[in-house]
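Data first, discussion second: the structure below is written as structure tokens.
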Amino acid sequence: MIQISQRNRSLAVSATLAMSQRSAELRAKGVDVINLSVGEPDFNTPEHIKQAARQAIDDNFSFYSPVPGYMSLRKAIADNLMSTNGVAYTPEQIVVSGGAKQALCNAILSIVNPGDEVVIPTPAWVSYVEMVKLAEGITVTVPATIEQDFKITPEQLRCAITPRTRLVILCSPSNPTGSVYTREELQGLVNVLKDCPHVTIISDEIYQHINFTGSYTSLGSFKELEGRVAVINGVSKAYAMTGWRIGFMAAPVELAKACNKLQGQYTSGASSIAQKAAEAAYTGPQDCVAEMCEAFRRRRDLIVSLAREIPGLKVNVPQGAFYLFPEVSSFFKKSYGDRVIRDAADLAMYLLEEAHVATVDGAAFCLPGYIRLSYATSDDNIRKAMARIAEALAKLK
Ligand code: PMP
Ligand code: GLU
């Protein structure tokens, strides 16, 4: 019998992907499931980006690319970061990877030594904690509930940092809450971090362009943290390109070199065709980004207004990304028939089986008592899903 390593066995399955898979299986059996579990734009990739990929095939972009990505793509990314964030990066500071997920994992594995502490404000995207586990680091969570709009305070951050802290991972707009830190709020966190020179910061900015506040501040733009911030971003969310698998890290050169070395040993450069498509995304017209963002904003308004009509659900007003993260503890200890709802995992399962709506248990994001709904779906689906959820929740007594 093959022995699976301890390292592998210690990892949890990605809850977002698992729930999505479960809903796909039910669908295959003919059940009309509405999938609000996985977070990905429901739009098709814009035509000019697809055209660039076709052209890349015809032009024989079929050979290994440089490990950190084509120079033309890294230049396009650097230009984009200058125009959107006002931050100057050289192409040497940019490493292109197989999605933001790989960029994050590269960075974590290149920064964290076994036993190092990694501070993660929660709720947080499912994969951070697991990636820290891979690096044999120790996760220190800093909880922020709905009462504080899921954003940590400078005091909370200060208390979480110790001499053993090696890394802080921040994400704004946030998955799973949609919360966006304002420039002033970020400045508060920066004021704490500037006094902790032993700490590196990863800023996951993958939802930067799905932001309803009208302004965005990249953590990479604070002079006080110069040389210590790794910005993660990519084309998955902004350009509706989740399947193309292109993300990147923009970071100090030493870290970029380390990630380049790591990636060179276990994946090589990302897909050549997808890189050429991503280049077209960054250099082409940007109206598609604004149009999709506007669609998400309308859907946000819709889902928030429908959720507020459901007794027992407590919701914030997300300012970005495409998730709603309602507090659901008022349903705990209630039942329907033989079924008792003990926690949010039970509730998510009940909603899947009773309402045929797939959601994700908040515990997967390190904050029990909540569920996550992705509203990256049509208005019709949102209306139908919320009506079904309302009906199923009303049955719980
Ligand atoms: N960070 C966050 C917060 C995400 O939600 C996602 C989406 N899964 C990623 C990173 C990874 O994105 P990608 O699809 O580019 O790997
Ligand atoms: N960002 C998405 C989500 O959170 C994609 C799934 C994943 O990679 O976890 O649902």
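Following the order of the structure tokens, first chain is A, next is B, and so on, with residues numbered from 1 inside each chain and ligands from 1 in the order they appear.
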If you count only C-alpha atoms and all ligand atoms, which residues end up within 9 Å of ligand 2, as a PDB file with N, CA and C atoms, in the first residue's frame?
ATOM      1  N   SER A  14      -9.724  21.710  -0.264  1.00  0.00           N
ATOM      2  CA  SER A  14     -10.251  23.069  -0.469  1.00  0.00           C
ATOM      3  C   SER A  14     -11.778  23.027  -0.387  1.00  0.00           C
ATOM      4  N   ALA A  15     -12.344  23.691   0.637  1.00  0.00           N
ATOM      5  CA  ALA A  15     -13.788  23.612   0.888  1.00  0.00           C
ATOM      6  C   ALA A  15     -14.589  24.268  -0.230  1.00  0.00           C
ATOM      7  N   THR A  16     -14.021  25.318  -0.818  1.00  0.00           N
ATOM      8  CA  THR A  16     -14.733  26.009  -1.894  1.00  0.00           C
ATOM      9  C   THR A  16     -14.851  25.093  -3.116  1.00  0.00           C
ATOM     10  N   LEU A  17     -13.737  24.454  -3.434  1.00  0.00           N
ATOM     11  CA  LEU A  17     -13.752  23.572  -4.605  1.00  0.00           C
ATOM     12  C   LEU A  17     -14.571  22.321  -4.321  1.00  0.00           C
ATOM     13  N   ALA A  18     -14.521  21.832  -3.070  1.00  0.00           N
ATOM     14  CA  ALA A  18     -15.253  20.607  -2.712  1.00  0.00           C
ATOM     15  C   ALA A  18     -16.754  20.840  -2.809  1.00  0.00           C
ATOM     16  N   SER A  20     -18.291  23.048  -4.589  1.00  0.00           N
ATOM     17  CA  SER A  20     -18.634  23.240  -5.984  1.00  0.00           C
ATOM     18  C   SER A  20     -18.740  21.890  -6.706  1.00  0.00           C
ATOM     19  N   SER A  37     -21.411  28.524  -4.437  1.00  0.00           N
ATOM     20  CA  SER A  37     -20.269  28.131  -3.606  1.00  0.00           C
ATOM     21  C   SER A  37     -18.952  28.651  -4.171  1.00  0.00           C
ATOM     22  N   VAL A  38     -18.590  28.219  -5.367  1.00  0.00           N
ATOM     23  CA  VAL A  38     -17.265  28.628  -5.838  1.00  0.00           C
ATOM     24  C   VAL A  38     -17.299  30.097  -6.255  1.00  0.00           C
ATOM     25  N   GLY A  39     -16.163  30.773  -6.043  1.00  0.00           N
ATOM     26  CA  GLY A  39     -16.120  32.176  -6.419  1.00  0.00           C
ATOM     27  C   GLY A  39     -15.395  32.356  -7.725  1.00  0.00           C
ATOM     28  N   GLU A  40     -16.144  32.509  -8.807  1.00  0.00           N
ATOM     29  CA  GLU A  40     -15.491  32.870 -10.064  1.00  0.00           C
ATOM     30  C   GLU A  40     -16.482  33.637 -10.917  1.00  0.00           C
ATOM     31  N   LYS A 101      -2.927  31.669  -7.002  1.00  0.00           N
ATOM     32  CA  LYS A 101      -2.741  30.614  -6.003  1.00  0.00           C
ATOM     33  C   LYS A 101      -1.291  30.155  -5.964  1.00  0.00           C
ATOM     34  N   TRP A 125      -9.477  33.633   3.144  1.00  0.00           N
ATOM     35  CA  TRP A 125      -9.618  32.639   2.063  1.00  0.00           C
ATOM     36  C   TRP A 125      -9.022  31.297   2.489  1.00  0.00           C
ATOM     37  N   VAL A 126      -9.684  30.231   2.072  1.00  0.00           N
ATOM     38  CA  VAL A 126      -9.391  28.878   2.565  1.00  0.00           C
ATOM     39  C   VAL A 126      -7.935  28.419   2.423  1.00  0.00           C
ATOM     40  N   SER A 127      -7.247  28.881   1.410  1.00  0.00           N
ATOM     41  CA  SER A 127      -5.944  28.268   1.112  1.00  0.00           C
ATOM     42  C   SER A 127      -4.763  28.834   1.898  1.00  0.00           C
ATOM     43  N   ASN A 175     -11.870  38.032   0.259  1.00  0.00           N
ATOM     44  CA  ASN A 175     -12.613  36.795   0.112  1.00  0.00           C
ATOM     45  C   ASN A 175     -12.508  36.159   1.500  1.00  0.00           C
ATOM     46  N   PRO A 176     -13.565  35.941   2.250  1.00  0.00           N
ATOM     47  CA  PRO A 176     -14.956  35.750   1.847  1.00  0.00           C
ATOM     48  C   PRO A 176     -15.913  36.880   2.184  1.00  0.00           C
ATOM     49  N   SER A 236      -7.419  36.313 -13.184  1.00  0.00           N
ATOM     50  CA  SER A 236      -8.579  35.434 -12.963  1.00  0.00           C
ATOM     51  C   SER A 236      -9.880  36.191 -12.747  1.00  0.00           C
ATOM     52  N   LYS A 237      -9.860  37.139 -11.828  1.00  0.00           N
ATOM     53  CA  LYS A 237     -11.118  37.787 -11.437  1.00  0.00           C
ATOM     54  C   LYS A 237     -11.394  39.015 -12.299  1.00  0.00           C
ATOM     55  N   THR A 242     -10.480  32.693 -14.970  1.00  0.00           N
ATOM     56  CA  THR A 242     -10.068  31.741 -13.920  1.00  0.00           C
ATOM     57  C   THR A 242      -9.395  30.484 -14.484  1.00  0.00           C
ATOM     58  N   VAL A 360     -20.918  27.921   1.157  1.00  0.00           N
ATOM     59  CA  VAL A 360     -19.757  27.350   1.845  1.00  0.00           C
ATOM     60  C   VAL A 360     -19.816  27.713   3.331  1.00  0.00           C
ATOM     61  N   SER A 374     -21.549  33.202  -2.998  1.00  0.00           N
ATOM     62  CA  SER A 374     -20.931  33.917  -4.110  1.00  0.00           C
ATOM     63  C   SER A 374     -22.053  34.417  -5.018  1.00  0.00           C
TER      64      SER A 374
END
All residues 7 Å or closer to A:Ala280, only C-alpha atoms, same chain fewer than 3 positions away omitted, as a VMD selection string
chain A and resid 49 52 276 to 277 283 to 284
Based on the selection just made, write N, CA and C atoms of those residues as a PDB file, in the first residue's frame.
ATOM      1  N   ILE A  49      -9.151  39.135 -25.842  1.00  0.00           N
ATOM      2  CA  ILE A  49      -8.179  38.313 -25.096  1.00  0.00           C
ATOM      3  C   ILE A  49      -8.144  36.905 -25.705  1.00  0.00           C
ATOM      4  N   ALA A  52      -6.167  36.950 -28.875  1.00  0.00           N
ATOM      5  CA  ALA A  52      -4.710  36.966 -28.658  1.00  0.00           C
ATOM      6  C   ALA A  52      -4.191  35.545 -28.411  1.00  0.00           C
ATOM      7  N   LYS A 276       0.221  34.881 -23.215  1.00  0.00           N
ATOM      8  CA  LYS A 276      -0.023  35.846 -24.297  1.00  0.00           C
ATOM      9  C   LYS A 276      -1.437  36.425 -24.170  1.00  0.00           C
ATOM     10  N   ALA A 277      -2.374  35.611 -23.727  1.00  0.00           N
ATOM     11  CA  ALA A 277      -3.735  36.120 -23.499  1.00  0.00           C
ATOM     12  C   ALA A 277      -3.717  37.157 -22.372  1.00  0.00           C
ATOM     13  N   THR A 283      -2.734  44.923 -21.779  1.00  0.00           N
ATOM     14  CA  THR A 283      -2.398  46.014 -22.712  1.00  0.00           C
ATOM     15  C   THR A 283      -3.619  46.485 -23.508  1.00  0.00           C
ATOM     16  N   GLY A 284      -4.666  45.682 -23.546  1.00  0.00           N
ATOM     17  CA  GLY A 284      -5.842  46.009 -24.366  1.00  0.00           C
ATOM     18  C   GLY A 284      -6.782  46.982 -23.664  1.00  0.00           C
TER      19      GLY A 284
END
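Nearest residue to A:Glu291, choosing from A:Val328, A:Ile210, A:Leu306, A:Met249 and counting only C-alpha atoms: A:Ile210.
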Compile the contact shell of A:Leu189 as a ChimeraX atom specification: residues with an atom at most 8 Å away, counting only C-alpha atoms, same-chain residues fewer than 5 positions apart removed.
/A:153-154,157
Which of stretch 207-259 of chain A end up as strand (DSSP E or B) when DSSP is run on this backbone - answer as an NGL selection string?
:A and (211 or 229-234 or 247-250)
Could you please write out, as an MDAnalysis selection string, every residue of stretch 80-194 of chain A that DSSP assigns to helix (DSSP H, G or I)?
chainID A and resid 80:85 91:93 99:111 126:134 146:148 154:160 183:193
Those same residues - N, CA and C atoms - I'd like them written as a compact mmCIF listing (two decimals), in the first residue's frame.
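Saved to again.txt:
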# COMPACT_ATOMS: atom_id res chain seq x y z
N ASN A 80 0.83 48.18 -15.97
CA ASN A 80 -0.50 48.17 -15.37
C ASN A 80 -0.44 48.58 -13.90
N LEU A 81 0.57 48.08 -13.19
CA LEU A 81 0.69 48.43 -11.76
C LEU A 81 1.02 49.90 -11.58
N MET A 82 1.78 50.44 -12.54
CA MET A 82 2.08 51.88 -12.48
C MET A 82 0.80 52.68 -12.72
N SER A 83 0.02 52.27 -13.74
CA SER A 83 -1.15 53.10 -14.05
C SER A 83 -2.28 52.91 -13.04
N THR A 84 -2.41 51.72 -12.46
CA THR A 84 -3.53 51.52 -11.53
C THR A 84 -3.16 51.85 -10.08
N ASN A 85 -1.93 51.57 -9.69
CA ASN A 85 -1.55 51.76 -8.28
C ASN A 85 -0.52 52.86 -8.07
N PRO A 91 10.51 44.70 -14.41
CA PRO A 91 10.09 43.33 -14.75
C PRO A 91 10.79 42.28 -13.89
N GLU A 92 11.99 42.58 -13.40
CA GLU A 92 12.74 41.62 -12.56
C GLU A 92 12.03 41.39 -11.22
N GLN A 93 11.15 42.30 -10.86
CA GLN A 93 10.44 42.15 -9.58
C GLN A 93 9.14 41.36 -9.74
N GLY A 99 -1.65 31.03 -11.90
CA GLY A 99 -2.70 31.58 -11.04
C GLY A 99 -2.11 32.29 -9.84
N ALA A 100 -2.94 33.15 -9.23
CA ALA A 100 -2.52 33.83 -8.01
C ALA A 100 -2.25 32.80 -6.91
N LYS A 101 -2.93 31.67 -7.00
CA LYS A 101 -2.74 30.61 -6.00
C LYS A 101 -1.29 30.16 -5.96
N GLN A 102 -0.72 29.90 -7.12
CA GLN A 102 0.68 29.48 -7.14
C GLN A 102 1.60 30.61 -6.72
N ALA A 103 1.26 31.84 -7.13
CA ALA A 103 2.09 32.98 -6.74
C ALA A 103 2.14 33.10 -5.22
N LEU A 104 0.98 32.91 -4.58
CA LEU A 104 0.91 32.97 -3.12
C LEU A 104 1.73 31.86 -2.48
N CYS A 105 1.56 30.67 -3.02
CA CYS A 105 2.24 29.51 -2.44
C CYS A 105 3.75 29.64 -2.61
N ASN A 106 4.18 30.12 -3.78
CA ASN A 106 5.61 30.40 -4.00
C ASN A 106 6.14 31.34 -2.92
N ALA A 107 5.38 32.42 -2.70
CA ALA A 107 5.85 33.45 -1.76
C ALA A 107 5.90 32.88 -0.34
N ILE A 108 4.87 32.18 0.06
CA ILE A 108 4.82 31.64 1.43
C ILE A 108 5.97 30.65 1.64
N LEU A 109 6.16 29.76 0.66
CA LEU A 109 7.24 28.77 0.80
C LEU A 109 8.62 29.42 0.76
N SER A 110 8.71 30.59 0.17
CA SER A 110 10.01 31.27 0.07
C SER A 110 10.28 32.19 1.25
N ILE A 111 9.27 32.45 2.06
CA ILE A 111 9.44 33.37 3.20
C ILE A 111 9.46 32.64 4.54
N VAL A 126 -9.68 30.23 2.07
CA VAL A 126 -9.39 28.88 2.57
C VAL A 126 -7.93 28.42 2.42
N SER A 127 -7.25 28.88 1.41
CA SER A 127 -5.94 28.27 1.11
C SER A 127 -4.76 28.83 1.90
N TYR A 128 -4.91 30.05 2.49
CA TYR A 128 -3.75 30.62 3.19
C TYR A 128 -3.23 29.68 4.29
N VAL A 129 -4.16 29.23 5.14
CA VAL A 129 -3.75 28.42 6.29
C VAL A 129 -3.09 27.11 5.82
N GLU A 130 -3.62 26.56 4.75
CA GLU A 130 -3.08 25.29 4.25
C GLU A 130 -1.69 25.50 3.64
N MET A 131 -1.51 26.62 2.98
CA MET A 131 -0.18 26.91 2.41
C MET A 131 0.84 27.13 3.53
N VAL A 132 0.41 27.77 4.60
CA VAL A 132 1.31 27.97 5.74
C VAL A 132 1.68 26.61 6.34
N LYS A 133 0.70 25.71 6.38
CA LYS A 133 0.97 24.34 6.86
C LYS A 133 2.04 23.67 6.00
N LEU A 134 1.92 23.83 4.68
CA LEU A 134 2.91 23.23 3.76
C LEU A 134 4.31 23.72 4.10
N ILE A 146 -18.53 40.43 12.04
CA ILE A 146 -19.36 41.34 11.23
C ILE A 146 -19.51 42.70 11.91
N GLU A 147 -19.45 42.72 13.24
CA GLU A 147 -19.61 44.00 13.98
C GLU A 147 -18.52 45.00 13.60
N GLN A 148 -17.34 44.51 13.22
CA GLN A 148 -16.28 45.43 12.79
C GLN A 148 -16.08 45.36 11.27
N PRO A 154 -5.67 48.25 14.07
CA PRO A 154 -4.22 48.29 14.30
C PRO A 154 -3.86 47.64 15.64
N GLU A 155 -4.68 47.84 16.67
CA GLU A 155 -4.40 47.25 17.99
C GLU A 155 -4.40 45.73 17.90
N GLN A 156 -5.37 45.18 17.21
CA GLN A 156 -5.41 43.72 17.06
C GLN A 156 -4.14 43.21 16.38
N LEU A 157 -3.71 43.94 15.34
CA LEU A 157 -2.51 43.52 14.61
C LEU A 157 -1.29 43.60 15.53
N ARG A 158 -1.20 44.71 16.28
CA ARG A 158 -0.06 44.89 17.17
C ARG A 158 0.03 43.74 18.18
N CYS A 159 -1.12 43.34 18.72
CA CYS A 159 -1.14 42.27 19.73
C CYS A 159 -0.75 40.92 19.12
N ALA A 160 -1.03 40.73 17.84
CA ALA A 160 -0.78 39.41 17.22
C ALA A 160 0.68 39.23 16.83
N ARG A 183 -7.94 53.72 2.62
CA ARG A 183 -6.54 54.13 2.71
C ARG A 183 -6.17 54.44 4.17
N GLU A 184 -7.08 55.10 4.88
CA GLU A 184 -6.81 55.47 6.28
C GLU A 184 -6.67 54.21 7.13
N GLU A 185 -7.56 53.25 6.90
CA GLU A 185 -7.48 51.99 7.68
C GLU A 185 -6.17 51.27 7.39
N LEU A 186 -5.77 51.27 6.11
CA LEU A 186 -4.49 50.62 5.77
C LEU A 186 -3.33 51.37 6.45
N GLN A 187 -3.44 52.70 6.46
CA GLN A 187 -2.37 53.49 7.08
C GLN A 187 -2.22 53.09 8.55
N GLY A 188 -3.34 52.84 9.21
CA GLY A 188 -3.30 52.40 10.61
C GLY A 188 -2.52 51.10 10.76
N LEU A 189 -2.76 50.15 9.84
CA LEU A 189 -2.04 48.87 9.90
C LEU A 189 -0.56 49.08 9.54
N VAL A 190 -0.32 49.96 8.56
CA VAL A 190 1.07 50.25 8.15
C VAL A 190 1.85 50.85 9.31
N ASN A 191 1.19 51.71 10.10
CA ASN A 191 1.87 52.33 11.23
C ASN A 191 2.36 51.27 12.22
N VAL A 192 1.61 50.19 12.34
CA VAL A 192 2.05 49.09 13.22
C VAL A 192 3.20 48.33 12.54
N LEU A 193 3.02 48.02 11.28
CA LEU A 193 4.00 47.18 10.56
C LEU A 193 5.34 47.88 10.38
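In terms of minimum interatomic distance to A:His356, A:Ile389 ranks closest within A:Ile94, A:Ile389, A:Leu313, A:Ala256, counting only C-alpha atoms.
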Would you compute the distance between atom CA of A:Gly320 and atom CA of A:Cys293? Give it in Å to one decimal.
8.8 Å
What lies within 6 Å of stretch 162-165 of chain A using only C-alpha atoms, ignoring chain neighbours under 2 positions off, as a PyMOL selection string?
chain A and resi 116-118+167
Those selected residues, please, written with all heavy atoms and delivered as a PDB file, in the first residue's frame.
ATOM      1  N   ASP A 116       7.966  29.385  12.126  1.00  0.00           N
ATOM      2  CA  ASP A 116       7.692  30.830  12.033  1.00  0.00           C
ATOM      3  C   ASP A 116       6.201  31.091  12.179  1.00  0.00           C
ATOM      4  O   ASP A 116       5.375  30.317  11.685  1.00  0.00           O
ATOM      5  CB  ASP A 116       8.113  31.383  10.653  1.00  0.00           C
ATOM      6  CG  ASP A 116       9.608  31.537  10.510  1.00  0.00           C
ATOM      7  OD1 ASP A 116      10.317  31.470  11.530  1.00  0.00           O
ATOM      8  OD2 ASP A 116      10.061  31.734   9.354  1.00  0.00           O
ATOM      9  N   GLU A 117       5.883  32.223  12.787  1.00  0.00           N
ATOM     10  CA  GLU A 117       4.470  32.581  12.917  1.00  0.00           C
ATOM     11  C   GLU A 117       4.011  33.432  11.734  1.00  0.00           C
ATOM     12  O   GLU A 117       4.735  34.324  11.273  1.00  0.00           O
ATOM     13  CB  GLU A 117       4.243  33.367  14.213  1.00  0.00           C
ATOM     14  CG  GLU A 117       4.388  32.476  15.434  1.00  0.00           C
ATOM     15  CD  GLU A 117       4.247  33.220  16.750  1.00  0.00           C
ATOM     16  OE1 GLU A 117       3.952  34.437  16.725  1.00  0.00           O
ATOM     17  OE2 GLU A 117       4.438  32.578  17.795  1.00  0.00           O
ATOM     18  N   VAL A 118       2.795  33.121  11.276  1.00  0.00           N
ATOM     19  CA  VAL A 118       2.198  33.857  10.165  1.00  0.00           C
ATOM     20  C   VAL A 118       0.853  34.412  10.641  1.00  0.00           C
ATOM     21  O   VAL A 118      -0.026  33.648  11.034  1.00  0.00           O
ATOM     22  CB  VAL A 118       1.998  32.940   8.937  1.00  0.00           C
ATOM     23  CG1 VAL A 118       1.351  33.719   7.793  1.00  0.00           C
ATOM     24  CG2 VAL A 118       3.330  32.327   8.502  1.00  0.00           C
ATOM     25  N   LEU A 167       5.583  36.718   8.863  1.00  0.00           N
ATOM     26  CA  LEU A 167       4.763  37.123   7.717  1.00  0.00           C
ATOM     27  C   LEU A 167       3.364  37.515   8.189  1.00  0.00           C
ATOM     28  O   LEU A 167       2.831  36.916   9.126  1.00  0.00           O
ATOM     29  CB  LEU A 167       4.666  35.916   6.762  1.00  0.00           C
ATOM     30  CG  LEU A 167       3.809  36.037   5.514  1.00  0.00           C
ATOM     31  CD1 LEU A 167       4.391  37.079   4.558  1.00  0.00           C
ATOM     32  CD2 LEU A 167       3.735  34.679   4.792  1.00  0.00           C
TER      33      LEU A 167
END
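Minimum distance to A:Ser174 across A:Ala345, A:Leu36, A:Leu324, A:Cys259 (counting only C-alpha atoms) occurs at A:Leu324.
Ranking A:Lys395, A:Arg383, A:Arg166, A:Arg27 by their shortest atom-to-atom distance to A:Arg300, with only C-alpha atoms included, puts A:Arg383 first.
If only C-alpha atoms and all ligand atoms are the atoms counted, then among A:Ala135, A:Ala28, A:Leu170, A:Leu262 the closest residue to ligand 1 is A:Leu170.
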Would you mind telling me which residue in A:Val253, A:Ser271, A:Asp32, A:Gln6 lies nearest to A:Phe61 when using only C-alpha atoms?
A:Ser271
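We find atom 15 (O, counted along the ligand's line) of ligand 1 and atom CA of A:Met292 to be spaced 16.9 Å apart.
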Atomic separation - atom CA of A:Pro143 relative to atom CA of A:Cys366, Å:
8.3 Å
Need to verify the contact set: A:Ile310, 10 Å, only C-alpha atoms, exclusion of same-chain residues closer than 3 positions in sequence. Can you return it as a list in words?
Ser305, Leu306, Ala307, Leu313, Lys314, Met386, Ala387, Ile389, Ala390, Glu391, Leu393 and Ala394 of chain A
Any idea what's packed within 7 Å of A:Asp204, counting only C-alpha atoms, ignoring anything in its chain fewer than 4 positions away? Could you give it as a PyMOL selection string?
chain A and resi 170-172+231-233
Nearby residues (only C-alpha atoms) at most 9 Å from A:Gly227, same-chain spacing under 6 positions excluded, as a JSON list (two decimals) with C-alpha atoms, in the first residue's frame:
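File produced: result.json:
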[["chain", "number", "residue", "atom", "x", "y", "z"],
["A", 200, "THR", "CA", 7.21, 40.60, 5.58],
["A", 251, "ALA", "CA", 7.90, 41.96, -4.88],
["A", 252, "PRO", "CA", 11.41, 42.93, -3.83],
["A", 253, "VAL", "CA", 13.97, 41.42, -6.22]]
